[in-house]
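What follows is the content of my_file22.txt, which has compact mmCIF, C-alpha atoms and all ligand atoms:
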# COMPACT_ATOMS: atom_id res chain seq x y z
CA PHE J 1 15.76 -11.41 20.21
CA THR J 2 15.66 -14.95 21.50
CA LEU J 3 14.06 -15.73 24.88
CA ILE J 4 11.67 -18.24 26.41
CA GLU J 5 8.37 -17.87 28.16
CA TYR J 6 7.86 -19.78 31.38
CA ALA J 7 5.36 -19.35 34.22
CA GLY J 8 3.92 -16.19 32.69
CA ARG J 9 7.15 -14.28 32.14
CA ASN J 10 10.07 -14.19 29.74
CA TRP J 11 13.43 -15.68 30.68
CA PRO J 12 16.90 -16.05 29.22
CA VAL J 13 17.26 -19.29 27.30
CA PHE J 14 19.04 -21.41 29.90
CA PRO J 15 19.07 -25.11 29.07
CA GLY J 16 16.60 -26.95 31.33
CA LEU J 17 15.33 -23.68 32.83
CA SER J 18 12.13 -25.14 34.31
CA GLN J 19 14.06 -27.86 36.11
CA ARG J 20 16.59 -25.34 37.38
CA LEU J 21 13.84 -23.15 38.78
CA GLU J 22 11.50 -25.80 40.16
CA GLU J 23 14.05 -28.34 41.37
CA ASP J 24 17.59 -27.00 41.64
CA LEU J 25 16.67 -23.74 43.34
CA ALA J 26 13.99 -25.37 45.51
CA GLN J 27 16.48 -27.98 46.74
CA PHE J 28 19.46 -25.68 46.97
CA LYS J 29 21.63 -26.29 50.05
CA ALA J 30 22.53 -22.88 51.40
CA ARG J 31 25.62 -22.24 53.50
CA PRO J 32 25.91 -19.45 56.07
CA ASP J 33 29.11 -18.26 54.42
CA ASP J 34 27.53 -18.00 50.95
CA THR J 35 27.25 -14.48 49.57
CA TRP J 36 24.56 -13.90 46.95
CA ILE J 37 24.64 -11.04 44.47
CA ILE J 38 21.01 -10.57 43.56
CA ASN J 39 19.88 -8.13 40.90
CA TRP J 40 18.22 -7.28 37.67
CA PRO J 41 20.81 -7.97 34.95
CA LYS J 42 23.08 -5.07 33.93
CA SER J 43 23.04 -3.59 37.42
CA GLY J 44 26.65 -4.28 38.29
CA THR J 45 26.71 -8.07 38.70
CA HIS J 46 30.31 -8.51 37.55
CA TRP J 47 31.41 -5.51 39.55
CA CYS J 48 29.95 -6.69 42.86
CA TRP J 49 30.93 -10.27 42.28
CA GLU J 50 34.54 -9.23 41.88
CA ILE J 51 34.48 -6.98 44.97
CA CYS J 52 32.84 -9.66 47.14
CA SER J 53 35.10 -12.43 45.84
CA MET J 54 38.16 -10.42 46.83
CA LEU J 55 36.71 -9.53 50.23
CA VAL J 56 35.69 -13.04 51.25
CA SER J 57 38.88 -14.66 49.95
CA GLY J 58 41.13 -11.96 51.46
CA LYS J 59 43.02 -11.85 48.13
CA ALA J 60 43.14 -8.69 46.06
CA GLU J 61 43.22 -10.26 42.62
CA LEU J 62 40.82 -10.11 39.70
CA LEU J 63 39.14 -13.44 39.00
CA GLN J 64 36.89 -12.16 36.21
CA GLN J 65 33.90 -13.11 34.26
CA SER J 66 34.73 -16.56 32.92
CA LYS J 67 34.21 -17.92 36.42
CA LEU J 68 31.16 -15.81 37.13
CA THR J 69 29.03 -17.54 34.47
CA ALA J 70 29.28 -20.72 36.53
CA MET J 71 27.78 -19.05 39.60
CA TYR J 72 24.13 -18.80 38.53
CA PRO J 73 22.11 -21.74 39.88
CA GLU J 74 19.30 -20.94 37.45
CA ALA J 75 21.75 -21.31 34.57
CA VAL J 76 24.01 -24.18 35.60
CA GLY J 77 22.13 -26.10 38.30
CA ASN J 78 23.20 -27.51 41.66
CA ALA J 79 25.50 -30.18 40.27
CA GLU J 80 27.95 -27.45 39.26
CA ILE J 81 27.54 -25.31 42.36
CA GLU J 82 27.49 -27.86 45.16
CA PRO J 83 31.10 -29.04 44.84
CA MET J 84 32.41 -25.47 45.02
CA PRO J 85 34.47 -24.77 48.11
CA SER J 86 33.36 -22.16 50.63
CA PRO J 87 33.11 -19.25 50.74
CA ARG J 88 31.06 -19.06 47.55
CA VAL J 89 29.94 -15.86 45.85
CA LEU J 90 26.81 -16.71 43.87
CA ASN J 91 24.55 -14.76 41.56
CA THR J 92 20.93 -14.79 40.66
CA HIS J 93 18.46 -12.75 38.65
CA VAL J 94 15.38 -14.74 39.71
CA THR J 95 12.51 -13.15 41.61
CA PRO J 96 12.14 -14.01 45.34
CA ASP J 97 9.49 -16.66 44.63
CA TYR J 98 12.19 -18.88 43.10
CA PHE J 99 14.98 -17.99 45.51
CA PRO J 100 16.02 -20.76 47.96
CA LYS J 101 14.24 -20.21 51.30
CA GLU J 102 17.22 -21.46 53.29
CA ALA J 103 19.49 -18.92 51.63
CA LEU J 104 17.04 -16.15 52.47
CA GLU J 105 17.35 -17.03 56.14
CA ASN J 106 20.99 -18.10 56.43
CA SER J 107 23.21 -16.54 53.77
CA LYS J 108 24.47 -13.02 53.05
CA LEU J 109 22.37 -11.27 50.43
CA ILE J 110 23.50 -8.25 48.44
CA PHE J 111 20.91 -6.65 46.20
CA THR J 112 22.30 -4.20 43.66
CA VAL J 113 19.99 -1.70 42.07
CA ARG J 114 20.72 0.60 39.13
CA HIS J 115 18.69 3.39 37.61
CA PRO J 116 16.27 1.55 35.30
CA LYS J 117 16.82 3.94 32.41
CA ASP J 118 20.52 3.07 32.44
CA VAL J 119 19.65 -0.60 32.88
CA ALA J 120 17.49 -0.41 29.76
CA VAL J 121 20.31 1.10 27.69
CA SER J 122 22.89 -1.33 29.01
CA TYR J 123 20.58 -4.26 28.32
CA PHE J 124 19.95 -3.05 24.80
CA TYR J 125 23.68 -3.26 24.00
CA HIS J 126 23.94 -6.59 25.80
CA LEU J 127 21.26 -8.04 23.53
CA LYS J 128 22.77 -6.53 20.41
CA GLY J 129 26.27 -7.63 21.31
CA ILE J 130 25.78 -11.28 22.24
CA LYS J 131 25.63 -13.47 19.13
CA PHE J 132 23.11 -15.86 20.57
CA TYR J 133 20.28 -13.28 20.68
CA GLN J 134 20.46 -12.60 16.94
CA TYR J 135 19.56 -8.99 17.63
CA GLU J 136 22.40 -7.19 15.90
CA THR J 137 20.04 -5.09 13.81
CA GLY J 138 17.86 -4.23 16.82
CA ALA J 139 17.13 -0.50 17.17
CA TRP J 140 16.67 1.47 20.39
CA ALA J 141 13.23 2.61 19.24
CA GLY J 142 12.19 -1.04 19.01
CA TYR J 143 13.71 -2.12 22.32
CA PHE J 144 12.39 0.80 24.38
CA PRO J 145 8.75 -0.43 24.56
CA VAL J 146 9.92 -3.99 25.18
CA PHE J 147 11.75 -2.87 28.32
CA LEU J 148 9.05 -0.46 29.41
CA GLU J 149 6.30 -3.06 29.13
CA GLY J 150 8.39 -5.77 30.81
CA ARG J 151 8.34 -8.03 27.74
CA GLY J 152 12.07 -8.75 27.69
CA GLU J 153 14.16 -11.19 29.69
CA ASN J 154 13.20 -11.30 33.37
CA GLY J 155 9.93 -9.47 32.85
CA ASP J 156 9.25 -6.16 34.51
CA TRP J 157 11.93 -4.14 36.34
CA ILE J 158 9.45 -2.70 38.82
CA ASN J 159 8.05 -6.09 39.83
CA HIS J 160 11.51 -7.53 40.26
CA THR J 161 12.82 -4.60 42.25
CA GLU J 162 9.78 -4.08 44.42
CA SER J 163 9.38 -7.76 45.20
CA TRP J 164 13.03 -8.10 46.22
CA LEU J 165 13.11 -4.93 48.27
CA SER J 166 9.97 -5.94 50.13
CA VAL J 167 11.49 -9.31 51.01
CA LEU J 168 14.82 -7.82 52.04
CA ASP J 169 13.54 -4.80 53.93
CA ASP J 170 13.60 -6.39 57.39
CA ASN J 171 16.30 -8.93 56.68
CA SER J 172 19.44 -8.32 58.71
CA ASN J 173 21.34 -10.63 56.31
CA ALA J 174 20.71 -8.22 53.45
CA LEU J 175 22.50 -5.17 52.06
CA VAL J 176 21.08 -2.99 49.30
CA LEU J 177 23.68 -1.28 47.11
CA LYS J 178 23.14 1.37 44.47
CA PHE J 179 25.24 1.25 41.30
CA GLU J 180 25.37 5.05 41.46
CA ASP J 181 26.89 4.98 44.97
CA LEU J 182 29.56 2.51 43.87
CA LYS J 183 30.30 4.87 41.02
CA LYS J 184 30.45 7.93 43.29
CA ASP J 185 32.75 6.51 45.97
CA LEU J 186 33.92 2.97 45.34
CA ARG J 187 36.38 2.89 48.24
CA LYS J 188 33.67 3.84 50.72
CA GLU J 189 31.28 1.21 49.35
CA VAL J 190 34.01 -1.46 49.42
CA GLN J 191 34.43 -0.81 53.14
CA ARG J 192 30.66 -0.88 53.68
CA ILE J 193 30.42 -4.23 51.89
CA ALA J 194 33.35 -5.57 53.93
CA GLU J 195 31.65 -4.57 57.18
CA PHE J 196 28.44 -6.21 56.05
CA LEU J 197 30.32 -9.41 55.14
CA GLU J 198 32.12 -9.26 58.50
CA VAL J 199 35.49 -9.20 56.81
CA SER J 200 38.33 -7.56 58.68
CA GLY J 201 40.87 -6.19 56.23
CA THR J 202 43.43 -3.44 56.42
CA ASP J 203 42.93 -0.02 54.84
CA GLU J 204 45.59 -0.97 52.28
CA PHE J 205 43.66 -4.11 51.33
CA TYR J 206 40.44 -2.13 50.78
CA ASP J 207 42.38 0.48 48.78
CA GLU J 208 43.69 -2.28 46.55
CA VAL J 209 40.26 -3.91 46.12
CA ALA J 210 38.82 -0.53 45.07
CA ARG J 211 41.72 0.09 42.69
CA LEU J 212 41.38 -3.31 41.02
CA CYS J 213 37.60 -2.97 40.78
CA SER J 214 37.63 0.39 39.02
CA PHE J 215 36.05 0.25 35.57
CA ASP J 216 39.35 0.69 33.71
CA SER J 217 41.08 -2.00 35.71
CA MET J 218 38.27 -4.51 35.23
CA LYS J 219 37.93 -3.76 31.52
CA GLU J 220 41.67 -3.95 31.02
CA GLY J 221 42.12 -7.13 33.04
CA LYS J 222 39.19 -9.10 31.71
CA THR J 223 39.81 -12.72 30.87
CA PRO J 224 38.76 -13.88 27.40
CA GLY J 225 35.94 -16.20 28.56
CA PRO J 226 33.71 -17.98 26.05
CA ASP J 227 33.40 -16.26 22.70
CA ILE J 228 29.80 -15.07 23.08
CA TRP J 229 30.17 -11.46 21.87
CA ARG J 230 30.11 -10.07 18.35
CA GLN J 231 33.43 -8.68 17.27
CA GLU J 232 32.27 -5.06 17.35
CA ALA J 233 30.59 -5.36 20.78
CA SER J 234 32.19 -4.00 23.94
CA GLY J 235 31.19 -6.93 26.14
CA PHE J 236 30.34 -6.77 29.83
CA PHE J 237 32.41 -3.60 30.31
CA ARG J 238 30.89 -1.16 27.85
CA LYS J 239 30.95 2.33 29.39
CA GLY J 240 30.28 1.80 33.09
CA ILE J 241 28.82 5.27 33.60
CA THR J 242 25.65 6.74 35.05
CA GLU J 243 23.09 8.74 33.05
CA ASP J 244 24.05 7.24 29.70
CA TRP J 245 20.28 7.03 29.15
CA LYS J 246 20.35 10.76 28.43
CA HIS J 247 22.16 9.95 25.18
CA HIS J 248 19.51 7.46 24.10
CA PHE J 249 16.05 8.47 25.35
CA THR J 250 14.13 10.97 23.26
CA VAL J 251 12.15 13.62 25.15
CA ALA J 252 8.94 11.72 24.34
CA GLN J 253 10.40 8.40 25.53
CA ASN J 254 11.52 9.99 28.77
CA GLU J 255 8.07 11.41 29.40
CA GLU J 256 6.43 8.08 28.60
CA PHE J 257 8.85 6.26 30.89
CA ASN J 258 8.27 8.67 33.77
CA ARG J 259 4.52 8.52 33.33
CA ARG J 260 4.42 4.74 33.35
CA TYR J 261 6.87 4.33 36.23
CA ARG J 262 5.16 6.96 38.38
CA GLU J 263 1.79 5.39 37.75
CA THR J 264 2.96 1.84 38.47
CA LEU J 265 5.05 2.81 41.47
CA LYS J 266 2.52 5.01 43.18
CA ASP J 267 1.16 2.11 45.22
CA THR J 268 4.51 0.52 45.98
CA ILE J 269 6.49 1.21 49.11
CA HIS J 270 10.04 0.04 48.79
CA THR J 271 11.30 1.13 45.38
CA LYS J 272 10.42 4.74 46.17
CA LYS J 273 12.97 4.74 48.98
CA ILE J 274 15.77 4.20 46.45
CA GLY J 275 15.18 7.78 45.39
CA TYR J 276 15.48 7.90 41.60
CA GLU J 277 14.28 11.09 39.96
CA PHE J 278 11.17 9.71 38.30
CA LEU J 279 9.70 8.62 41.66
P1 LIG I 301 27.18 -0.40 30.72
O1 LIG I 301 26.56 -1.33 29.73
O2 LIG I 301 26.32 0.81 31.00
O3 LIG I 301 28.57 -0.03 30.41
P2 LIG I 301 26.27 -6.67 34.67
O4 LIG I 301 27.59 -7.10 35.18
O5 LIG I 301 25.16 -6.80 35.67
O6 LIG I 301 25.94 -7.32 33.35
O7 LIG I 301 26.34 -5.10 34.44
C1 LIG I 301 27.09 -4.58 33.38
C2 LIG I 301 27.17 -3.07 33.53
O8 LIG I 301 27.99 -2.75 34.67
C3 LIG I 301 27.83 -2.45 32.32
O9 LIG I 301 27.23 -1.17 32.15
C4 LIG I 301 29.27 -2.36 32.79
O10 LIG I 301 30.06 -1.44 32.07
C5 LIG I 301 29.08 -1.93 34.23
N1 LIG I 301 30.28 -2.20 35.04
C6 LIG I 301 30.92 -3.38 35.21
N2 LIG I 301 32.02 -3.23 35.97
C7 LIG I 301 32.07 -1.91 36.29
C8 LIG I 301 32.99 -1.11 37.05
N3 LIG I 301 34.06 -1.63 37.62
N4 LIG I 301 32.73 0.20 37.16
C9 LIG I 301 31.63 0.76 36.57
N5 LIG I 301 30.72 0.05 35.84
C10 LIG I 301 30.95 -1.26 35.69

Represent the structure of the file as structure tokens.
Ligand code: A3P
Amino acid sequence: FTLIEYAGRNWPVFPGLSQRLEEDLAQFKARPDDTWIINWPKSGTHWCWEICSMLVSGKAELLQQSKLTAMYPEAVGNAEIEPMPSPRVLNTHVTPDYFPKEALENSKLIFTVRHPKDVAVSYFYHLKGIKFYQYETGAWAGYFPVFLEGRGENGDWINHTESWLSVLDDNSNALVLKFEDLKKDLRKEVQRIAEFLEVSGTDEFYDEVARLCSFDSMKEGKTPGPDIWRQEASGFFRKGITEDWKHHFTVAQNEEFNRRYRETLKDTIHTKKIGYEFL
């Protein structure tokens, strides 16, 4: 599939990527009421963006993905983001070395993490489904080593996760959310996010946010957005479940994955705390 190499790792093909990373992000003007959704792609970006957008605006209504695409500084640059009124809910998949320093100190940061085996499967369908990647004939057996060895977009999951968690560990402006916890009890997590964002809503408001942000509601209510997906693809809302990896990984792939992740993670500190079963 199509990607570009820059500064020793592979990236999505965003126009002017090097300028976005070296200039736009470096000069980014952070606001204290900005909320950032930070994650490895396919870890619930749209989901959290929608929840946070409702919470900070105080309006329980789905805004949906067509607007989200405009919220990545590394994709669209500051010229698009600066005129946006506060409070902004922004997204990024960059590693902390490219993240605006001011935002790290002054803005609200939400890092969402998802089981990497499910991330790998979700990413596989993302690549197959979006026309631009020209990966429609891609097979799981071919993609598996690409993910495992960190050769795909955004490089290596462990590096990304460990480097973010180590930066955010002592940061009182940061909240770490697990996709699996959102899945288990969305209402409870909505309230936790609201408290973190210092939003004071009623129980009815949080109920409504959780109802609108359920998988079925988001899939059903999605706006058309740009026509980037192949006709047969299920788009950003494919299955929205946990442990779908069990339907894709062979026994040998699972063993190889566990071996590599255990070996690489044995000297790390932060990712272990997340508590996934291979750790
Ligand atoms: P699947 O491909 O496993 O279905 P991102 O927004 O970061 O690209 O993540 C997309 C993944 O999050 C997809 O996973 C998608 O279905 C899932 N997702 C999005 N909204 C969701 C929701 N409301 N509930 C559960 N999963 C959701």

How big is the axis-aligned box around all listed atoms of ligand LIG 301 (chain I) once 6 Å goes on each side, and where's its centre, in Å to one decimal, as JSON?
{"center_x": 29.6, "center_y": -3.3, "center_z": 33.7, "size_x": 20.9, "size_y": 20.1, "size_z": 19.9}

Query raised in the report: With distances taken over all atoms listed in the file, which of J:Glu153, J:Ile193, J:Gly77, J:Leu3 is nearest to Ser53 of chain J?
Result: J:Ile193

Query - ligand LIG 301 (chain I) neighbours within 10 Å using only C-alpha atoms and all ligand atoms, as a VMD selection string - result: chain J and resid 37 to 51 65 68 91 93 112 to 114 118 to 126 179 to 180 182 to 184 186 210 to 219 234 to 245

Take the residues that were just selected and, keeping C-alpha atoms, output them as a short mmCIF file (atom, residue, chain, number, x, y, z; two decimals), in the frame of the given file.
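Result saved to out11.cif:
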data_model
loop_
_atom_site.label_atom_id
_atom_site.label_comp_id
_atom_site.auth_asym_id
_atom_site.auth_seq_id
_atom_site.Cartn_x
_atom_site.Cartn_y
_atom_site.Cartn_z
CA ILE J 37 24.64 -11.04 44.47
CA ILE J 38 21.01 -10.57 43.56
CA ASN J 39 19.88 -8.13 40.90
CA TRP J 40 18.22 -7.28 37.67
CA PRO J 41 20.81 -7.97 34.95
CA LYS J 42 23.08 -5.07 33.93
CA SER J 43 23.04 -3.59 37.42
CA GLY J 44 26.65 -4.28 38.29
CA THR J 45 26.71 -8.07 38.70
CA HIS J 46 30.31 -8.51 37.55
CA TRP J 47 31.41 -5.51 39.55
CA CYS J 48 29.95 -6.69 42.86
CA TRP J 49 30.93 -10.27 42.28
CA GLU J 50 34.54 -9.23 41.88
CA ILE J 51 34.48 -6.98 44.97
CA GLN J 65 33.90 -13.11 34.26
CA LEU J 68 31.16 -15.81 37.13
CA ASN J 91 24.55 -14.76 41.56
CA HIS J 93 18.46 -12.75 38.65
CA THR J 112 22.30 -4.20 43.66
CA VAL J 113 19.99 -1.70 42.07
CA ARG J 114 20.72 0.60 39.13
CA ASP J 118 20.52 3.07 32.44
CA VAL J 119 19.65 -0.60 32.88
CA ALA J 120 17.49 -0.41 29.76
CA VAL J 121 20.31 1.10 27.69
CA SER J 122 22.89 -1.33 29.01
CA TYR J 123 20.58 -4.26 28.32
CA PHE J 124 19.95 -3.05 24.80
CA TYR J 125 23.68 -3.26 24.00
CA HIS J 126 23.94 -6.59 25.80
CA PHE J 179 25.24 1.25 41.30
CA GLU J 180 25.37 5.05 41.46
CA LEU J 182 29.56 2.51 43.87
CA LYS J 183 30.30 4.87 41.02
CA LYS J 184 30.45 7.93 43.29
CA LEU J 186 33.92 2.97 45.34
CA ALA J 210 38.82 -0.53 45.07
CA ARG J 211 41.72 0.09 42.69
CA LEU J 212 41.38 -3.31 41.02
CA CYS J 213 37.60 -2.97 40.78
CA SER J 214 37.63 0.39 39.02
CA PHE J 215 36.05 0.25 35.57
CA ASP J 216 39.35 0.69 33.71
CA SER J 217 41.08 -2.00 35.71
CA MET J 218 38.27 -4.51 35.23
CA LYS J 219 37.93 -3.76 31.52
CA SER J 234 32.19 -4.00 23.94
CA GLY J 235 31.19 -6.93 26.14
CA PHE J 236 30.34 -6.77 29.83
CA PHE J 237 32.41 -3.60 30.31
CA ARG J 238 30.89 -1.16 27.85
CA LYS J 239 30.95 2.33 29.39
CA GLY J 240 30.28 1.80 33.09
CA ILE J 241 28.82 5.27 33.60
CA THR J 242 25.65 6.74 35.05
CA GLU J 243 23.09 8.74 33.05
CA ASP J 244 24.05 7.24 29.70
CA TRP J 245 20.28 7.03 29.15
#

**Report entry** Between atom CA of His270 of chain J and atom CA of Asn254 of chain J - distance in Å to one decimal
**Finding:** 22.4 Å

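Straight-line separation from atom CA of Thr137 of chain J to atom CA of His247 of chain J: 19.0 Å.
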
Spatial neighbours of Ser57 of chain J, max dist 10 Å, all atoms listed in the file, sep filter under 2 positions, as a PDB file with C-alpha atoms, in the coordinates of the input:
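Okay, out38.pdb is ready:
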ATOM      1  CA  CYS J  52      32.840  -9.660  47.140  1.00  0.00           C
ATOM      2  CA  SER J  53      35.100 -12.430  45.840  1.00  0.00           C
ATOM      3  CA  MET J  54      38.160 -10.420  46.830  1.00  0.00           C
ATOM      4  CA  LEU J  55      36.710  -9.530  50.230  1.00  0.00           C
ATOM      5  CA  LYS J  59      43.020 -11.850  48.130  1.00  0.00           C
ATOM      6  CA  ALA J  60      43.140  -8.690  46.060  1.00  0.00           C
ATOM      7  CA  GLU J  61      43.220 -10.260  42.620  1.00  0.00           C
ATOM      8  CA  SER J  86      33.360 -22.160  50.630  1.00  0.00           C
ATOM      9  CA  PRO J  87      33.110 -19.250  50.740  1.00  0.00           C
ATOM     10  CA  ARG J  88      31.060 -19.060  47.550  1.00  0.00           C
ATOM     11  CA  VAL J  89      29.940 -15.860  45.850  1.00  0.00           C
ATOM     12  CA  VAL J 199      35.490  -9.200  56.810  1.00  0.00           C
TER      13      VAL J 199
END

For the structure just given, write the atoms of segment 6-17 of chain J, namely N, CA, C and O atoms, as a CSV table (one decimal), in the first residue's frame.
chain,number,residue,atom,x,y,z
J,6,TYR,N,9.7,9.2,6.1
J,6,TYR,CA,10.3,10.5,6.5
J,6,TYR,C,10.9,10.3,7.8
J,6,TYR,O,10.3,9.7,8.7
J,7,ALA,N,12.1,10.9,8.0
J,7,ALA,CA,12.8,10.8,9.3
J,7,ALA,C,12.8,9.4,9.9
J,7,ALA,O,12.5,9.2,11.1
J,8,GLY,N,13.1,8.5,9.0
J,8,GLY,CA,13.3,7.1,9.5
J,8,GLY,C,12.1,6.3,9.9
J,8,GLY,O,12.2,5.2,10.5
J,9,ARG,N,10.9,6.8,9.5
J,9,ARG,CA,9.7,6.0,9.7
J,9,ARG,C,8.7,6.2,8.6
J,9,ARG,O,8.8,7.2,7.9
J,10,ASN,N,7.7,5.3,8.5
J,10,ASN,CA,6.7,5.5,7.5
J,10,ASN,C,5.5,6.2,7.9
J,10,ASN,O,5.1,6.1,9.1
J,11,TRP,N,5.0,7.1,7.1
J,11,TRP,CA,3.9,8.0,7.4
J,11,TRP,C,2.8,7.8,6.4
J,11,TRP,O,3.0,7.5,5.2
J,12,PRO,N,1.6,8.3,6.8
J,12,PRO,CA,0.5,8.4,5.7
J,12,PRO,C,0.9,9.5,4.7
J,12,PRO,O,1.7,10.4,5.1
J,13,VAL,N,0.4,9.4,3.5
J,13,VAL,CA,0.8,10.4,2.5
J,13,VAL,C,0.0,11.7,2.7
J,13,VAL,O,-1.0,11.9,2.0
J,14,PHE,N,0.4,12.5,3.6
J,14,PHE,CA,-0.3,13.8,3.7
J,14,PHE,C,0.5,14.8,2.9
J,14,PHE,O,1.7,14.8,2.9
J,15,PRO,N,-0.2,15.6,2.1
J,15,PRO,CA,0.5,16.6,1.3
J,15,PRO,C,1.4,17.5,2.2
J,15,PRO,O,0.9,18.0,3.2
J,16,GLY,N,2.6,17.7,1.8
J,16,GLY,CA,3.5,18.6,2.6
J,16,GLY,C,3.8,18.1,4.0
J,16,GLY,O,4.0,18.9,4.9
J,17,LEU,N,3.9,16.8,4.1
J,17,LEU,CA,4.0,16.2,5.5
J,17,LEU,C,5.2,16.8,6.2
J,17,LEU,O,5.1,17.2,7.4
